[in-house]
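**Q** Sending over upload34.cif (mmCIF, C-alpha atoms).
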data_query
loop_
_atom_site.label_atom_id
_atom_site.label_comp_id
_atom_site.auth_asym_id
_atom_site.auth_seq_id
_atom_site.Cartn_x
_atom_site.Cartn_y
_atom_site.Cartn_z
CA MET A 28 -35.52 23.70 -4.11
CA ARG A 29 -34.15 25.83 -1.34
CA ARG A 30 -31.70 28.46 -2.46
CA ALA A 31 -28.21 28.36 -1.04
CA PRO A 32 -25.63 31.09 -0.48
CA ARG A 33 -23.40 31.71 -3.48
CA GLY A 34 -20.73 29.01 -3.81
CA LEU A 35 -22.67 26.50 -1.67
CA ILE A 36 -24.73 23.48 -2.75
CA PRO A 37 -28.48 23.34 -2.08
CA GLN A 38 -29.14 21.05 0.90
CA GLU A 39 -31.63 18.99 -1.12
CA LEU A 40 -28.85 17.93 -3.53
CA ILE A 41 -26.55 17.04 -0.66
CA ASP A 42 -29.26 14.92 0.99
CA GLU A 43 -29.92 13.15 -2.32
CA ALA A 44 -26.20 12.41 -2.89
CA MET A 45 -25.75 11.05 0.63
CA LYS A 46 -28.37 8.38 -0.13
CA TRP A 47 -26.03 6.76 -2.64
CA SER A 48 -24.08 3.69 -1.49
CA VAL A 49 -20.73 2.81 -3.06
CA LEU A 50 -22.42 -0.09 -4.84
CA ASP A 51 -25.07 2.30 -6.23
CA TYR A 52 -22.30 4.42 -7.75
CA PHE A 53 -20.60 1.46 -9.46
CA ASN A 54 -23.89 -0.03 -10.70
CA LYS A 55 -24.78 3.31 -12.28
CA PHE A 56 -21.48 4.58 -13.66
CA GLU A 57 -19.00 1.65 -13.75
CA PRO A 58 -21.05 -1.59 -13.81
CA SER A 59 -18.22 -3.78 -15.12
CA VAL A 60 -15.63 -2.83 -12.48
CA LEU A 61 -16.92 -4.75 -9.45
CA MET A 62 -16.99 -8.51 -8.95
CA ARG A 63 -18.54 -10.60 -6.19
CA SER A 64 -15.99 -12.06 -3.76
CA GLY A 65 -17.60 -14.15 -1.03
CA SER A 66 -19.81 -11.92 1.10
CA GLU A 67 -18.38 -8.68 -0.35
CA TYR A 68 -17.37 -6.99 -3.59
CA ARG A 69 -13.94 -6.17 -5.01
CA ARG A 70 -12.68 -4.00 -7.84
CA ARG A 71 -11.47 -6.20 -10.70
CA ASP A 72 -8.60 -3.82 -11.44
CA HIS A 73 -7.70 -3.26 -7.76
CA PRO A 74 -8.68 -6.35 -5.70
CA SER A 75 -7.42 -4.77 -2.46
CA CYS A 76 -10.38 -2.37 -2.70
CA CYS A 77 -13.28 -4.10 -0.93
CA ILE A 78 -16.93 -3.03 -0.68
CA SER A 79 -19.15 -4.57 1.99
CA GLY A 80 -22.02 -6.88 1.05
CA ASP A 81 -24.61 -4.18 1.70
CA GLY A 82 -22.70 -1.87 -0.65
CA TRP A 83 -22.09 0.97 1.81
CA LEU A 84 -18.62 0.48 3.30
CA PHE A 85 -15.35 0.55 1.35
CA ASP A 86 -11.85 -0.41 2.46
CA TRP A 87 -8.93 0.08 0.04
CA LYS A 88 -6.24 -1.80 1.97
CA SER A 89 -3.21 -1.00 -0.18
CA ARG A 90 -3.94 2.74 0.04
CA GLY A 91 -5.10 2.86 3.65
CA LEU A 92 -8.48 4.36 2.66
CA SER A 93 -11.85 3.47 4.15
CA GLY A 94 -15.24 5.05 4.66
CA LYS A 95 -18.96 4.87 4.00
CA GLY A 96 -21.07 5.92 1.04
CA ALA A 97 -20.49 7.00 -2.54
CA VAL A 98 -19.59 10.61 -1.70
CA SER A 99 -16.83 9.53 0.68
CA TYR A 100 -15.57 6.98 -1.88
CA LEU A 101 -15.42 9.56 -4.68
CA ARG A 102 -13.61 12.10 -2.51
CA GLN A 103 -11.02 9.71 -1.06
CA CYS A 104 -10.45 7.19 -3.84
CA GLU A 105 -11.17 9.18 -7.00
CA GLY A 106 -9.96 12.60 -5.85
CA ILE A 107 -13.25 14.29 -6.73
CA SER A 108 -14.23 17.35 -4.70
CA PHE A 109 -17.35 17.29 -2.53
CA PRO A 110 -19.33 19.70 -4.77
CA ASP A 111 -18.49 17.75 -7.92
CA ALA A 112 -19.24 14.41 -6.24
CA VAL A 113 -22.69 15.72 -5.34
CA LYS A 114 -23.24 17.00 -8.86
CA LEU A 115 -22.12 13.70 -10.36
CA LEU A 116 -24.45 11.58 -8.20
CA THR A 117 -27.46 13.86 -8.59
CA GLY A 118 -27.13 14.19 -12.35
CA GLU A 119 -26.17 17.84 -12.29
CA ASP A 120 -24.06 18.35 -15.42
CA ILE A 121 -22.39 14.93 -15.21
CA ASP A 122 -20.65 15.28 -18.58
CA ARG A 123 -19.00 18.51 -17.47
CA VAL A 124 -17.77 16.90 -14.24
CA ARG A 125 -16.26 13.97 -16.13
CA GLN A 126 -14.64 16.24 -18.73
CA GLU A 127 -13.16 18.34 -15.93
CA TYR A 128 -11.54 15.33 -14.26
CA THR A 129 -10.36 13.92 -17.57
CA ARG A 130 -8.61 17.25 -18.15
CA ARG A 131 -7.10 17.16 -14.68
CA GLU A 132 -5.83 13.63 -15.27
CA ILE A 133 -4.14 14.73 -18.51
CA ASN A 134 -2.56 17.74 -16.79
CA LYS A 135 -1.74 15.81 -13.62
CA VAL A 136 1.51 16.91 -12.05
CA ASP A 137 4.18 14.22 -11.93
CA MET A 138 5.13 14.41 -8.26
CA PRO A 139 8.69 13.22 -7.55
CA PHE A 140 9.38 10.10 -5.51
CA VAL A 141 10.90 11.24 -2.22
CA LEU A 142 11.71 9.07 0.78
CA PRO A 143 10.21 10.37 4.05
CA GLU A 144 12.69 12.11 6.33
CA ALA A 145 14.46 9.66 8.64
CA ASN A 146 14.07 10.02 12.40
CA TYR A 147 17.11 10.23 14.66
CA THR A 148 16.13 6.89 16.20
CA ASN A 149 14.64 3.55 15.16
CA ARG A 150 13.48 2.64 18.66
CA GLN A 151 9.73 2.61 17.89
CA LEU A 152 10.38 0.71 14.67
CA VAL A 153 12.33 -2.02 16.45
CA ASP A 154 9.75 -2.28 19.25
CA TYR A 155 6.91 -2.46 16.73
CA LEU A 156 8.47 -5.19 14.57
CA TYR A 157 9.72 -7.16 17.57
CA GLY A 158 6.20 -6.96 18.97
CA ARG A 159 4.99 -8.59 15.73
CA GLY A 160 7.31 -11.51 16.42
CA ILE A 161 10.07 -10.57 13.97
CA SER A 162 13.52 -11.40 15.31
CA LYS A 163 16.11 -8.77 16.21
CA LYS A 164 18.49 -10.49 13.79
CA VAL A 165 16.15 -9.92 10.84
CA ILE A 166 15.29 -6.38 12.00
CA ASN A 167 18.93 -5.34 12.37
CA TYR A 168 19.82 -6.91 9.02
CA CYS A 169 17.12 -4.87 7.24
CA ILE A 170 18.17 -1.67 9.03
CA GLN A 171 21.78 -2.23 7.97
CA GLN A 172 20.63 -2.82 4.38
CA GLY A 173 18.73 0.49 4.45
CA SER A 174 15.46 -1.26 3.62
CA ILE A 175 13.61 -0.20 6.81
CA TYR A 176 13.74 2.86 9.04
CA GLN A 177 11.59 5.09 11.24
CA SER A 178 10.31 8.28 9.66
CA LYS A 179 9.86 11.82 10.95
CA GLU A 180 6.84 13.50 9.36
CA TYR A 181 4.38 16.32 9.98
CA ALA A 182 0.58 16.18 9.97
CA GLY A 183 0.08 19.33 7.87
CA ALA A 184 3.10 19.16 5.56
CA VAL A 185 4.35 17.15 2.58
CA LEU A 186 8.01 16.49 1.81
CA ILE A 187 8.80 17.27 -1.84
CA GLY A 188 12.60 16.86 -1.87
CA TYR A 189 15.93 17.94 -0.42
CA ASP A 190 18.15 20.92 -1.22
CA SER A 191 21.88 20.83 -2.08
CA ASN A 192 22.73 20.63 1.62
CA ASN A 193 20.38 17.66 2.09
CA LYS A 194 17.92 19.86 3.98
CA PRO A 195 14.33 18.58 3.66
CA LEU A 196 11.88 20.81 1.78
CA TYR A 197 8.25 20.83 2.90
CA ILE A 198 5.07 22.48 1.62
CA THR A 199 1.66 22.57 3.28
CA ARG A 200 -0.76 19.77 2.46
CA GLU A 201 -3.21 22.34 1.06
CA VAL A 202 -0.58 23.62 -1.40
CA TYR A 203 0.30 20.05 -2.33
CA LYS A 204 -3.33 19.26 -3.20
CA LYS A 205 -3.59 22.41 -5.34
CA LEU A 206 -0.39 21.51 -7.19
CA LEU A 207 -1.93 18.21 -8.29
CA ASP A 208 -4.46 20.18 -10.36
CA THR A 209 -2.08 22.89 -11.55
CA PRO A 210 -0.85 22.38 -15.16
CA ASP A 211 2.63 23.30 -16.39
CA VAL A 212 4.31 23.07 -12.99
CA GLY A 213 7.45 21.45 -14.36
CA ASN A 214 9.98 20.66 -11.65
CA VAL A 215 7.97 20.68 -8.40
CA VAL A 216 10.86 21.79 -6.15
CA THR A 217 11.88 24.61 -8.49
CA TYR A 218 8.28 25.75 -8.86
CA CYS A 219 7.76 25.85 -5.08
CA GLU A 220 11.02 27.70 -4.50
CA GLN A 221 10.21 30.29 -7.18
CA HIS A 222 6.75 30.89 -5.69
CA SER A 223 7.98 30.97 -2.06
CA LEU A 224 5.90 27.94 -1.11
CA ILE A 225 8.60 26.15 0.90
CA LEU A 226 7.76 26.12 4.61
CA PRO A 227 10.34 27.73 6.94
CA GLN A 228 11.72 25.56 9.71
CA GLU A 229 9.86 27.50 12.41
CA ALA A 230 6.54 26.61 10.77
CA LEU A 231 7.33 22.91 11.07
CA VAL A 232 8.09 23.21 14.78
CA GLY A 233 4.46 23.95 15.58
CA MET A 234 3.09 21.02 13.58
CA LYS A 235 2.12 17.64 14.99
CA ARG A 236 4.90 15.04 14.57
CA ILE A 237 4.07 11.69 12.95
CA THR A 238 6.27 8.60 12.86
CA ASN A 239 5.82 5.56 10.61
CA ALA A 240 7.71 2.44 9.72
CA VAL A 241 9.10 2.83 6.20
CA PHE A 242 9.87 -0.21 4.00
CA VAL A 243 12.13 0.71 1.07
CA GLY A 244 12.74 -0.89 -2.31
CA TYR A 245 15.76 -0.17 -4.54
CA ASP A 246 16.33 -0.30 -8.30
CA SER A 247 19.21 -2.13 -10.00
CA ASN A 248 21.50 0.86 -9.32
CA HIS A 249 20.57 0.75 -5.64
CA ASN A 250 18.61 3.99 -5.82
CA PRO A 251 15.42 4.15 -3.69
CA ALA A 252 12.41 3.62 -5.97
CA TYR A 253 9.64 2.39 -3.67
CA ALA A 254 8.48 2.99 -0.11
CA MET A 255 5.55 1.72 1.92
CA LYS A 256 4.64 3.49 5.15
CA ARG A 257 2.96 1.70 8.02
CA GLY A 258 1.74 3.30 11.23
CA PHE A 259 2.75 2.05 14.65
CA TYR A 260 -0.65 2.66 16.23
CA ASP A 261 -4.10 1.27 15.48
CA ARG A 262 -7.07 3.32 14.38
CA VAL A 263 -10.69 2.20 14.36
CA VAL A 264 -12.38 1.69 10.97
CA ILE A 265 -15.72 0.17 10.01
CA GLU A 266 -15.71 -3.10 8.07
CA ALA A 267 -18.91 -5.03 7.32
CA GLY A 268 -20.69 -2.97 9.95
CA LYS A 269 -18.16 -3.76 12.67
CA GLU A 270 -15.42 -1.71 14.30
CA VAL A 271 -11.97 -3.03 13.39
CA LYS A 272 -8.58 -1.80 14.59
CA LYS A 273 -6.08 -1.11 11.81
CA SER A 274 -2.81 0.74 11.45
CA TYR A 275 -2.16 3.28 8.69
CA ARG A 276 -0.74 1.84 5.47
CA GLY A 277 0.10 3.73 2.31
CA GLU A 278 2.64 3.87 -0.49
CA VAL A 279 4.79 6.97 -0.90
CA THR A 280 3.77 9.05 -3.94
CA SER A 281 5.27 7.83 -7.26
CA SER A 282 6.54 4.56 -5.78
CA SER A 283 7.41 1.93 -8.39
CA LYS A 284 5.96 -1.55 -7.79
CA SER A 285 8.75 -2.84 -10.03
CA HIS A 286 11.16 -2.28 -7.13
CA PRO A 287 9.37 -3.18 -3.86
CA PHE A 288 10.81 -4.15 -0.48
CA CYS A 289 12.99 -7.26 -0.96
CA MET A 290 15.55 -9.37 0.88
CA PHE A 291 17.82 -10.73 -1.84
CA ASP A 292 20.16 -13.70 -1.74
CA GLN A 293 23.60 -12.33 -0.83
CA THR A 294 25.45 -15.10 -2.69
CA GLY A 295 23.58 -14.73 -5.99
CA LYS A 296 23.27 -18.50 -6.25
CA SER A 297 19.62 -19.05 -5.33
CA THR A 298 17.46 -20.20 -8.25
CA SER A 299 14.11 -19.52 -6.58
CA VAL A 300 12.14 -16.51 -5.37
CA HIS A 301 9.47 -16.31 -2.65
CA LEU A 302 6.61 -13.84 -3.21
CA PHE A 303 4.64 -12.16 -0.41
CA GLU A 304 1.94 -9.51 -0.33
CA ALA A 305 3.50 -7.36 2.39
CA ALA A 306 6.91 -6.50 3.83
CA ILE A 307 5.85 -7.66 7.31
CA ASP A 308 5.11 -11.12 5.89
CA THR A 309 8.47 -11.16 4.12
CA MET A 310 10.32 -10.39 7.36
CA SER A 311 8.14 -12.90 9.24
CA TYR A 312 9.12 -15.65 6.80
CA ALA A 313 12.78 -14.71 7.20
CA THR A 314 12.34 -15.07 10.98
CA LEU A 315 10.78 -18.52 10.52
CA ILE A 316 13.71 -19.55 8.31
CA ASP A 317 16.09 -18.33 11.02
CA LEU A 318 14.14 -20.31 13.66
CA TYR A 319 14.62 -23.36 11.48
CA SER A 320 18.40 -22.73 11.68
CA SER A 321 18.68 -21.86 8.00
CA ASP A 322 20.15 -18.69 6.50
CA PHE A 323 17.52 -16.28 5.16
CA ARG A 324 20.32 -14.25 3.56
CA ARG A 325 20.72 -17.05 0.99
CA MET A 326 17.14 -16.68 -0.25
CA ASN A 327 15.28 -14.27 -2.54
CA LEU A 328 12.32 -12.93 -0.55
CA MET A 329 10.15 -10.36 -2.30
CA SER A 330 7.22 -8.25 -1.13
CA LEU A 331 4.82 -7.15 -3.88
CA GLY A 332 2.90 -4.44 -2.07
CA GLY A 333 -0.35 -6.41 -2.42
CA ALA A 334 -1.46 -9.50 -4.34
CA GLN A 335 -2.55 -7.34 -7.28
CA SER A 336 0.71 -5.89 -8.54
CA GLY A 337 0.72 -6.25 -12.31
CA LYS A 338 -0.61 -4.07 -15.13
CA ASP A 339 -4.45 -4.00 -15.19
CA ASN A 340 -4.42 -7.28 -13.30
CA LYS A 341 -7.36 -9.67 -13.35
CA PHE A 342 -7.96 -12.97 -11.56
CA ALA A 343 -8.61 -15.09 -14.64
CA THR A 344 -5.58 -17.18 -15.67
CA ASP A 345 -5.63 -15.92 -19.26
CA GLU A 346 -5.78 -12.29 -18.14
CA VAL A 347 -3.55 -12.22 -15.06
CA THR A 348 -0.23 -10.43 -15.56
CA LEU A 349 3.07 -11.19 -13.88
CA PRO A 350 3.91 -9.03 -10.87
CA LEU A 351 5.94 -6.05 -12.04
CA ALA A 352 8.59 -6.88 -9.45
CA LEU A 353 9.02 -10.41 -10.83
CA GLU A 354 9.32 -9.09 -14.37
CA GLN A 355 11.93 -6.59 -13.21
CA LEU A 356 13.84 -9.27 -11.31
CA ILE A 357 14.33 -11.19 -14.54
CA LYS A 358 15.19 -8.03 -16.50
CA ASP A 359 17.84 -7.12 -13.92
CA GLY A 360 19.82 -10.20 -14.84
CA LYS A 361 18.51 -12.78 -12.39
CA SER A 362 17.61 -15.12 -15.24
CA ASN A 363 18.69 -18.07 -13.09
CA ILE A 364 15.32 -17.94 -11.30
CA SER A 365 13.66 -21.24 -12.19
CA LYS A 366 11.05 -21.59 -9.46
CA VAL A 367 8.57 -19.26 -7.78
CA TYR A 368 6.96 -19.84 -4.39
CA ILE A 369 3.71 -17.93 -3.76
CA HIS A 370 3.01 -17.07 -0.12
CA PHE A 371 -0.06 -14.82 -0.45
CA ASP A 372 -2.63 -14.21 2.29
CA ASN A 373 -5.00 -17.03 3.11
CA ASP A 374 -8.13 -15.05 2.17
CA THR A 375 -10.40 -14.96 -0.89
CA ALA A 376 -8.31 -12.43 -2.84
CA GLY A 377 -4.97 -14.03 -1.93
CA VAL A 378 -6.03 -17.62 -2.74
CA THR A 379 -7.78 -16.70 -5.98
CA HIS A 380 -4.88 -14.61 -7.24
CA ALA A 381 -2.28 -17.21 -6.17
CA LYS A 382 -4.01 -19.90 -8.24
CA ALA A 383 -4.33 -17.65 -11.30
CA LEU A 384 -0.70 -16.54 -11.05
CA SER A 385 0.51 -20.10 -10.56
CA ASP A 386 -1.32 -21.26 -13.70
CA LYS A 387 0.13 -18.30 -15.62
CA LEU A 388 3.70 -19.09 -14.53
CA ASN A 389 3.31 -22.79 -15.37
CA LYS A 390 2.09 -21.87 -18.86
CA LEU A 391 5.23 -19.74 -19.26
CA GLY A 392 7.37 -22.72 -18.31
CA ILE A 393 8.27 -21.41 -14.84
CA ALA A 394 7.88 -23.91 -12.01
CA CYS A 395 5.61 -22.60 -9.28
CA GLU A 396 4.36 -23.77 -5.91
CA ILE A 397 1.68 -22.19 -3.73
CA LYS A 398 2.56 -22.30 -0.05
CA LEU A 399 -0.02 -20.40 1.98
CA PRO A 400 0.44 -19.87 5.73
CA PRO A 401 -0.37 -23.14 7.59
CA SER A 402 -2.34 -21.15 10.17
CA GLY A 403 -3.69 -17.62 10.38
CA LYS A 404 -4.40 -15.15 7.60
CA ASP A 405 -0.77 -14.43 6.68
CA PHE A 406 2.78 -15.43 7.58
CA ASN A 407 2.96 -12.90 10.39
CA ASP A 408 -0.02 -14.66 12.00
CA PHE A 409 1.70 -18.01 11.48
CA LEU A 410 4.93 -16.68 13.00
CA LYS A 411 3.09 -15.42 16.08
CA ASN A 412 1.27 -18.77 16.40
CA THR A 413 4.59 -20.60 16.21
CA LEU A 414 6.18 -18.38 18.86
CA ALA A 415 3.13 -18.89 21.11
CA LYS A 416 3.55 -22.69 20.88
CA LEU A 417 7.22 -22.39 21.77
CA GLU A 418 6.29 -20.25 24.77
CA GLN A 419 3.66 -22.74 25.93
CA ASP A 420 5.95 -25.77 25.70
CA ARG A 421 9.57 -24.83 26.12
CA SER A 422 10.66 -28.45 25.71
CA LEU A 423 9.91 -28.14 22.00
CA THR A 424 12.49 -26.89 19.52
CA PRO A 425 11.56 -24.53 16.67
CA ARG A 426 12.17 -27.35 14.20
CA GLU A 427 9.72 -29.60 16.06
CA VAL A 428 7.02 -26.91 16.11
CA LEU A 429 7.46 -26.08 12.45
CA ALA A 430 7.42 -29.81 11.59
CA GLN A 431 3.96 -30.08 13.23
CA ARG A 432 2.39 -27.80 10.63
#
Mind turning this structure into C-alpha cells?
**A**
Amino acid sequence: MRRAPRGLIPQELIDEAMKWSVLDYFNKFEPSVLMRSGSEYRRRDHPSCCISGDGWLFDWKSRGLSGKGAVSYLRQCEGISFPDAVKLLTGEDIDRVRQEYTRREINKVDMPFVLPEANYTNRQLVDYLYGRGISKKVINYCIQQGSIYQSKEYAGAVLIGYDSNNKPLYITREVYKKLLDTPDVGNVVTYCEQHSLILPQEALVGMKRITNAVFVGYDSNHNPAYAMKRGFYDRVVIEAGKEVKKSYRGEVTSSSKSHPFCMFDQTGKSTSVHLFEAAIDTMSYATLIDLYSSDFRRMNLMSLGGAQSGKDNKFATDEVTLPLALEQLIKDGKSNISKVYIHFDNDTAGVTHAKALSDKLNKLGIACEIKLPPSGKDFNDFLKNTLAKLEQDRSLTPREVLAQR
C-alpha cells in the first residue's frame, strides 16, 4: 500500500471506499433498515429517504440531502467525517469508529431552536407562492398570522440566537460544526460569547446573502417551535440516474414536529382536521377552498413536515404511530376533533402511509377518510391543474371545475 503524508488517507483505501454504493453500506451494516418501495428503496424509520434501484443514489427529501455513493451518504446523512467513513467501509478499526460516534451522540450539543432572521421584505416570498398558484388572500392571511415570512441568511454563518437588544448573533459554519462535537458546552450563546466566537457585523457584510421561504409552527403558548425553510430557486440533483430540478428544503435545527405549520379554525368549532405532508400543500388546499367560495379560516389544516412524522414510524398498521402534531392537537385541548382527513402525496410512500394511518385511527375509534389529490402528485399540482383549466375555459366557474374531479 502506498504511503501517504501524515494525517492523510492512503489512496488505495479511498479508491476502495468509493466503490461502495449506498445499498452496499446498508446490506453490510444495517440490513434491516431498508425496504423495497416500487423501483427504489426507502428507510423504514425515515421513508422520505430514498435510494435508487441500483443502490447508488440517495435523496432524503425532508432534509434536502442528496448524493451518490456510501461515502457521500455517511458524510451528509450520518455526520461521519470523510476519513472515518473510509475507515468504516474498508474495515479499518470499525469498532473504534462506531464507539467514537456513539460517544459523540451521547455528548451531542443541544442546539437551541432559533427562527432565521426576517428580511425587510416579503416580495420574493409572495412572488414565489403566487407563482405556485396560491392566492394572495391565503398568502396575506399567513403573513399576518406570522406563519410565513422571507428570511435573510448568510452562506457561511449560522444564527444561534438574539441578544437583549434583539440583535442577531451569528457564528461561522465551521465553528458551528465543531460545537456539535464539543462536550460540556452548556448554553450555546453564552459559550460563544465567552470564547469570542460571535461574528462582528462587518464580517457578515462580506458574506453571500441567502433568502428562503420560512414556514413557522407555534406551540400552545404561541411561541415559535418549528420552522421549515424552502428555497426560491431550483438546483439540479440526480435521481434514478436523471437530472431533476429541486429547490432547497430543510427544517431549522431543533424544530419540533409536534408543532408544525398549521392554519387553525378561527372559530374553534370545527370537529375535523385535514393532514398534509407539506406547508405548500396546506396553503394550496386553502386556496382551493377559497375558490369554492368557502372559508378556509373555519377549517383545521395541518402540515406534518412529511408523511413520516411519528416516533419510530413504520408503514405496518400495527406499528404505525400517530403523527406527533395530531397527538399534540388533542393534548392542547382540541378534543372535539372527531374526524381526520388524510391528504398525503399520491406516491408510493404517501399512499402506503395514508392507508396504515387510516387503519390505525379507525382502530382508535377516530373516523378517518383518505382524500388524495384528484390529479398530480400533491395538492399543489392539483391546484395548478385547476387554475390551468380555468384559464383555458373562462366560461367555467371554479365550482364547475372542481366538480369535474
**Q** For a test of reading the model, state the distance in Å between atom CA of Phe259 of chain A and atom CA of Asn407 of chain A, rounded to one decimal.
**A**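 Interatomic distance here is 15.5 Å.
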**Q** With a distance cut-off of 10 Å and all atoms listed in the file, select the neighbouring residues of Ser311 of chain A, excluding the residue or stretch itself and same-chain residues fewer than 2 positions from it, and output the selection as a PyMOL selection string.
**A** chain A and resi 156+159-162+165+305-309+313-317+405-411
**Q** What is the distance between atom CA of Leu84 of chain A and atom CA of Leu61 of chain A, in Å to one decimal?
**A**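 Rounded to one decimal, the two atoms are 13.9 Å apart.
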**Q** Counting all atoms listed in the file, which of A:Ile357, A:Cys289, A:Ala112, A:Leu423 gets nearest to Leu328 of chain A?
**A** A:Cys289
**Q** Have a look at atom CA of Tyr100 of chain A and atom CA of Val202 of chain A and let me know their distance in Å, one decimal.
**A**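 A separation of 22.4 Å between them.
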